[in-house]
Structures are given as structure tokens and as C-alpha cells.
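The structure file query20.cif is reproduced below (mmCIF, C-alpha atoms).
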```cif
data_run
loop_
_atom_site.label_atom_id
_atom_site.label_comp_id
_atom_site.auth_asym_id
_atom_site.auth_seq_id
_atom_site.Cartn_x
_atom_site.Cartn_y
_atom_site.Cartn_z
CA LYS T 1 0.00 0.00 0.00
CA GLU T 2 2.81 2.39 0.87
CA LEU T 3 4.60 1.58 -2.39
CA ILE T 4 1.51 2.37 -4.46
CA THR T 5 0.81 5.53 -2.47
CA SER T 6 4.42 6.61 -2.98
CA ILE T 7 4.24 5.95 -6.73
CA LEU T 8 0.95 7.85 -7.03
CA SER T 9 2.40 10.77 -5.05
CA GLN T 10 5.43 10.86 -7.35
CA GLN T 11 3.18 10.77 -10.41
CA LYS T 12 1.04 13.57 -9.00
CA GLU T 13 4.18 15.65 -8.45
CA GLN T 14 5.27 15.00 -12.05
CA VAL T 15 1.82 15.94 -13.33
CA GLN T 16 2.03 19.17 -11.33
CA ASN T 17 5.39 19.91 -12.98
CA VAL T 18 3.83 19.29 -16.40
CA MET T 19 0.92 21.58 -15.48
CA ASP T 20 3.39 24.31 -14.49
CA CYS T 21 5.15 23.94 -17.84
CA GLN T 22 1.81 24.06 -19.65
CA LEU T 23 0.92 27.27 -17.83
CA GLU T 24 4.22 28.80 -18.92
CA ASN T 25 3.55 27.68 -22.50
CA MET T 26 0.07 29.17 -22.33
CA VAL T 27 1.48 32.49 -21.14
CA LEU T 28 4.02 32.49 -23.99
CA GLY T 29 1.22 31.79 -26.47
CA TRP T 30 -0.86 34.54 -24.92
CA ILE T 31 2.03 37.02 -25.19
CA ALA T 32 2.63 35.99 -28.79
CA ARG T 33 -1.01 36.73 -29.61
CA GLN T 34 -1.12 40.12 -27.87
CA GLY T 35 -1.54 42.97 -30.31
CA ASN T 36 -2.59 40.62 -33.11
CA ASP T 37 -6.30 41.42 -32.95
CA SER T 38 -6.51 41.44 -36.74
CA ASP T 39 -5.85 37.69 -36.93
CA GLY T 40 -9.27 36.92 -35.47
CA ASN T 41 -7.88 34.88 -32.59
CA ASP T 42 -9.18 35.23 -29.08
CA ASN T 43 -6.32 36.86 -27.19
CA THR T 44 -7.48 35.65 -23.82
CA ILE T 45 -5.86 32.79 -22.04
CA SER T 46 -7.56 30.33 -19.75
CA VAL T 47 -6.29 27.71 -17.34
CA GLY T 48 -8.91 25.00 -17.28
CA ASP T 49 -12.17 26.86 -16.74
CA VAL T 50 -10.43 29.89 -15.23
CA SER T 51 -9.57 32.91 -17.36
CA MET T 52 -6.24 34.73 -17.17
CA ASP T 53 -8.14 37.57 -15.47
CA LYS T 54 -8.97 35.22 -12.60
CA VAL T 55 -5.41 33.88 -12.44
CA ILE T 56 -4.02 37.42 -12.23
CA ASP T 57 -6.60 38.41 -9.60
CA GLU T 58 -5.62 35.41 -7.47
CA LYS T 59 -1.91 36.17 -7.83
CA MET T 60 -2.28 39.85 -6.92
CA GLU T 61 -1.71 40.76 -3.32
CA ASN T 62 -4.73 41.93 -1.34
CA GLY T 63 -3.71 45.59 -1.62
CA GLY T 64 -3.76 45.67 -5.43
CA ASP T 65 -6.01 48.43 -6.70
CA SER T 66 -5.91 47.94 -10.48
CA ASP T 67 -8.49 45.82 -12.25
CA SER T 68 -7.50 42.66 -14.11
CA GLY T 69 -7.80 44.28 -17.55
CA ASP T 70 -5.20 46.88 -16.62
CA THR T 71 -3.13 44.18 -14.95
CA LEU T 72 -3.22 42.00 -18.06
CA ASP T 73 -2.23 44.94 -20.25
CA SER T 74 0.55 45.78 -17.81
CA LEU T 75 1.73 42.15 -17.72
CA ALA T 76 1.70 41.92 -21.51
CA ALA T 77 3.63 45.18 -21.84
CA GLU T 78 6.20 44.06 -19.26
CA LEU T 79 6.75 40.65 -20.84
CA ASN T 80 6.98 42.13 -24.32
CA SER T 81 9.51 44.64 -23.02
CA VAL T 82 11.60 41.97 -21.32
CA LEU T 83 11.42 39.34 -24.07
CA LYS T 84 11.60 41.69 -27.08
CA LEU T 85 10.05 39.05 -29.33
CA THR T 86 10.28 39.63 -33.05
CA PRO T 87 7.10 39.28 -35.15
CA ASP T 88 8.50 36.03 -36.55
CA GLN T 89 9.11 34.68 -33.04
CA LYS T 90 5.56 35.63 -32.05
CA LYS T 91 4.19 33.74 -35.06
CA GLN T 92 6.29 30.68 -34.18
CA LEU T 93 5.19 30.82 -30.52
CA ALA T 94 1.55 31.23 -31.49
CA LYS T 95 1.78 28.20 -33.79
CA ALA T 96 3.71 26.12 -31.22
CA THR T 97 1.15 26.80 -28.50
CA GLU T 98 -1.96 26.00 -30.52
CA GLY T 99 -4.05 23.47 -28.61
CA VAL T 100 -2.14 23.91 -25.36
CA GLU T 101 -5.39 24.72 -23.53
CA GLU T 102 -6.85 21.32 -24.48
CA GLU T 103 -3.63 19.60 -23.39
CA ARG T 104 -3.81 21.37 -20.05
CA LYS T 105 -7.42 20.24 -19.56
CA ALA T 106 -6.37 16.64 -20.25
CA ILE T 107 -3.52 16.94 -17.76
CA GLU T 108 -5.95 18.35 -15.18
CA VAL T 109 -8.09 15.21 -15.63
CA VAL T 110 -5.03 13.06 -14.88
CA ASP T 111 -4.25 15.20 -11.83
CA THR T 112 -7.84 14.88 -10.57
CA SER T 113 -7.73 11.11 -11.10
CA LEU T 114 -4.48 10.76 -9.16
CA SER T 115 -5.93 12.88 -6.35
CA ALA T 116 -9.00 10.62 -6.22
CA LEU T 117 -6.83 7.50 -6.08
CA LEU T 118 -4.73 8.96 -3.27
CA SER T 119 -7.71 10.07 -1.22
CA ASN T 120 -9.62 6.78 -1.30
CA PRO T 121 -8.83 4.06 1.26
CA TRP T 122 -10.11 1.31 -1.07
CA LEU T 123 -6.95 1.69 -3.12
CA MET T 124 -5.53 -1.43 -1.52
CA ASN T 125 -7.75 -4.05 0.04
CA ASN T 126 -6.49 -6.69 2.43
CA GLY T 127 -6.58 -9.50 -0.14
CA ILE T 128 -4.32 -7.68 -2.58
CA GLU T 129 -1.98 -6.62 0.21
CA GLU T 130 -1.72 -10.20 1.53
CA CYS T 131 -0.94 -11.51 -1.96
CA MET T 132 1.70 -8.83 -2.51
CA ASN T 133 3.25 -9.53 0.90
CA GLN T 134 3.67 -13.20 -0.06
CA PHE T 135 5.91 -12.23 -2.96
CA THR T 136 7.66 -9.26 -1.43
CA SER T 137 8.59 -11.30 1.64
CA ILE T 138 10.24 -13.95 -0.58
CA MET T 139 12.32 -11.55 -2.66
CA ASN T 140 14.85 -9.06 -1.35
CA PRO T 141 14.47 -5.36 -2.29
CA THR T 142 16.98 -5.60 -5.16
CA GLN T 143 15.17 -8.57 -6.66
CA MET T 144 11.82 -6.85 -6.27
CA SER T 145 13.19 -3.73 -7.95
CA LYS T 146 14.59 -5.80 -10.84
CA PHE T 147 11.27 -7.59 -11.24
CA MET T 148 9.37 -4.28 -11.29
CA LEU T 149 11.78 -2.93 -13.94
CA TRP T 150 11.41 -6.12 -15.97
CA ALA T 151 7.60 -5.98 -15.72
CA ASP T 152 7.63 -2.32 -16.76
CA HIS T 153 9.96 -3.07 -19.68
CA ASN T 154 7.70 -5.96 -20.78
CA ALA T 155 4.33 -4.28 -20.14
CA GLU T 156 3.18 -4.77 -23.75
CA ALA T 157 3.95 -8.49 -23.71
CA ILE T 158 2.29 -8.93 -20.32
CA ASP T 159 -0.82 -7.15 -21.62
CA GLN T 160 -1.00 -9.70 -24.46
CA LEU T 161 -1.33 -12.57 -22.00
CA ASP T 162 -4.90 -13.84 -21.82
CA TYR T 163 -5.45 -15.20 -18.33
CA VAL T 164 -9.16 -15.94 -18.80
CA ASN T 165 -9.34 -17.57 -22.23
CA ALA T 166 -6.03 -19.40 -22.46
CA PRO T 167 -5.76 -21.67 -25.53
CA PRO T 168 -5.43 -25.43 -25.05
CA ALA T 169 -1.92 -26.59 -24.16
CA ASN T 170 -1.29 -27.99 -27.68
CA ALA T 171 -2.60 -24.88 -29.54
CA GLN T 172 -0.30 -22.16 -30.73
CA PRO T 173 -1.31 -18.65 -29.66
CA ALA T 174 -2.43 -16.31 -32.43
CA ALA T 175 0.01 -13.56 -31.46
CA SER T 176 2.77 -14.62 -29.14
CA PRO T 177 3.97 -12.02 -26.66
CA ALA T 178 7.63 -11.12 -27.08
CA PHE T 179 9.35 -10.83 -23.72
CA VAL T 180 12.73 -9.16 -23.35
CA PHE T 181 15.20 -10.74 -20.96
CA GLY T 182 18.70 -9.80 -19.89
CA ILE T 183 18.00 -6.35 -18.51
CA ASP T 184 20.33 -7.03 -15.57
CA ASP T 185 23.17 -4.56 -16.00
CA ALA T 186 24.48 -5.02 -12.45
CA PRO T 187 27.93 -6.52 -12.03
CA PRO T 188 28.03 -10.22 -11.06
CA GLY T 189 27.62 -10.87 -7.36
CA ASP T 190 25.44 -7.80 -6.75
CA ASP T 191 22.42 -9.85 -5.64
CA ASN T 192 21.74 -8.35 -2.23
#
```
Kindly transcribe the structure held in the file into C-alpha cells.
Amino acid sequence: KELITSILSQQKEQVQNVMDCQLENMVLGWIARQGNDSDGNDNTISVGDVSMDKVIDEKMENGGDSDSGDTLDSLAAELNSVLKLTPDQKKQLAKATEGVEEERKAIEVVDTSLSALLSNPWLMNNGIEECMNQFTSIMNPTQMSKFMLWADHNAEAIDQLDYVNAPPANAQPAASPAFVFGIDDAPPGDDN
């Protein structure tokens, strides 16, 4: 249970890093589109269902007295001043960031799913934990780690195994899984 919780927590952290990168990409796309009203694009940026206005309002300290429209204009002017993007760079950034909002929404779904998995106690029931303990108590941590790496490396082949409708012993499978062996790069004698 702790192993799975740890893995999910690590994945959630990685997803958060990806979300941060996506936000940065969205801001770059937004800056690239500023001042290009003639292209017919919507020059607003949103993070999920939240507009850039809302993001700026949340980031402003309580004493801020300018409205979000002025703040957005100020932010755009400041970033344009600092970055000094050429028109060609703006076009490239605008093209490179097309669809980034949809990607961010998909990443938010993954983040929400990981949060749900972490917050539910049914993640590991006693039966699964007992079964796992049988195997983890037999193998040492190095062996367990090697097995997990092997299983990850052979995930496609493992997915091809049909546990429910196995063919008769004398029948050849339609598509044989191809397992990869020999992933042990440790020097001989390193079996602890």
C-alpha cells in the first residue's frame, strides 16, 4: 500500500510539474497573440475553466487596486519589453502553443484522477496486500526492484497474456507475446 501511495504521489508531483510547464507555454502563447487582434484569434488565455483575469486576480496581493484588464495589459507590456520578441518569433510561438489549452485540460483530468486515487482508502484491500506480501517477503528489495523494472519493460507483452481464455496446451497462440530478458546490468555478485 505504501509503495503504491508513494508511486501515485510521485506521479502527482510530475503531473504538477507538467501543469506548471503548460501554464508557462500558455502564457508564452498569450504574449505571442497580444496585439494581433486582426488575426481573429481570441487573445485571452484560460487555465482549465479559469480565465487569465482570474489567475491574475488570485496572484495579486490583497492591496492591489488595479483591475484585471489593466493588470493583463501591464503584464503583456512588461513581458513584451523583457522578451523583445520579433514578429516572426511571435508567429512561431503562437503556432507552437496552438491546442495547449486542451492539453492542459487533459492533464488536469489526470491530476484529478491521481488525487482521487490517493484520497480513497479502497486503493488497496487486504486481499491484494496479503498476496503482494507473499511475494515481497520472498524476494529481497533488489530482486523486487529488478522484477518491477522487468515488468515495466515488458508491459506490452504482459498485456498480451490472456489469463481468462487461455488456448489449449497444444494450440499455438495467435500472437505470441515477445518478452525481453537480460536487462540485468548489475555486475556479477550484486544480488543483495
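Atom pair CA of Val27 in chain T / CA of Gln11 in chain T has a distance of 24.3 Å (rounded to one decimal).
For the atom pair formed by CA of Ser6 in chain T and CA of Gly182 in chain T, the distance is 27.6 Å, given to one decimal.
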| message | Please report the interatomic distance between CA of Met26 in chain T and CA of Leu83 in chain T in Å with one decimal. | response | 15.3 Å
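Distance annotation: of T:Phe135, T:Trp30, T:Phe147, T:Phe179, the residue with the minimal separation from Ala96 in chain T is T:Trp30; atom set is all atoms listed in the file.
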| said: Taking the file as I've supplied it (selection: the PyMOL selection byres ((chain T and resi 12) around 12)), which residues are included? Please answer as a ChimeraX atom specification. | reply: /T:5-11,13-19,107-118
| request: Step by step, work through what the PyMOL selection byres ((chain T and resi 80) around 12) selects in the shown file, and finish by giving those residues as number ranges by chain. | output: T: 27-28, 30-35, 72-79, 81-87, 89-90
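Among T:Val180, T:Asp20, T:Leu161, T:Cys131, the residue with the shortest atom-to-atom distance to Leu149 in chain T, counting only C-alpha atoms, is T:Val180.
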| remark: One residue among T:Gly29, T:Leu3, T:Ile158, T:Ala178 is nearest to Ala94 in chain T when using all atoms listed in the file, and that residue is T:Gly29
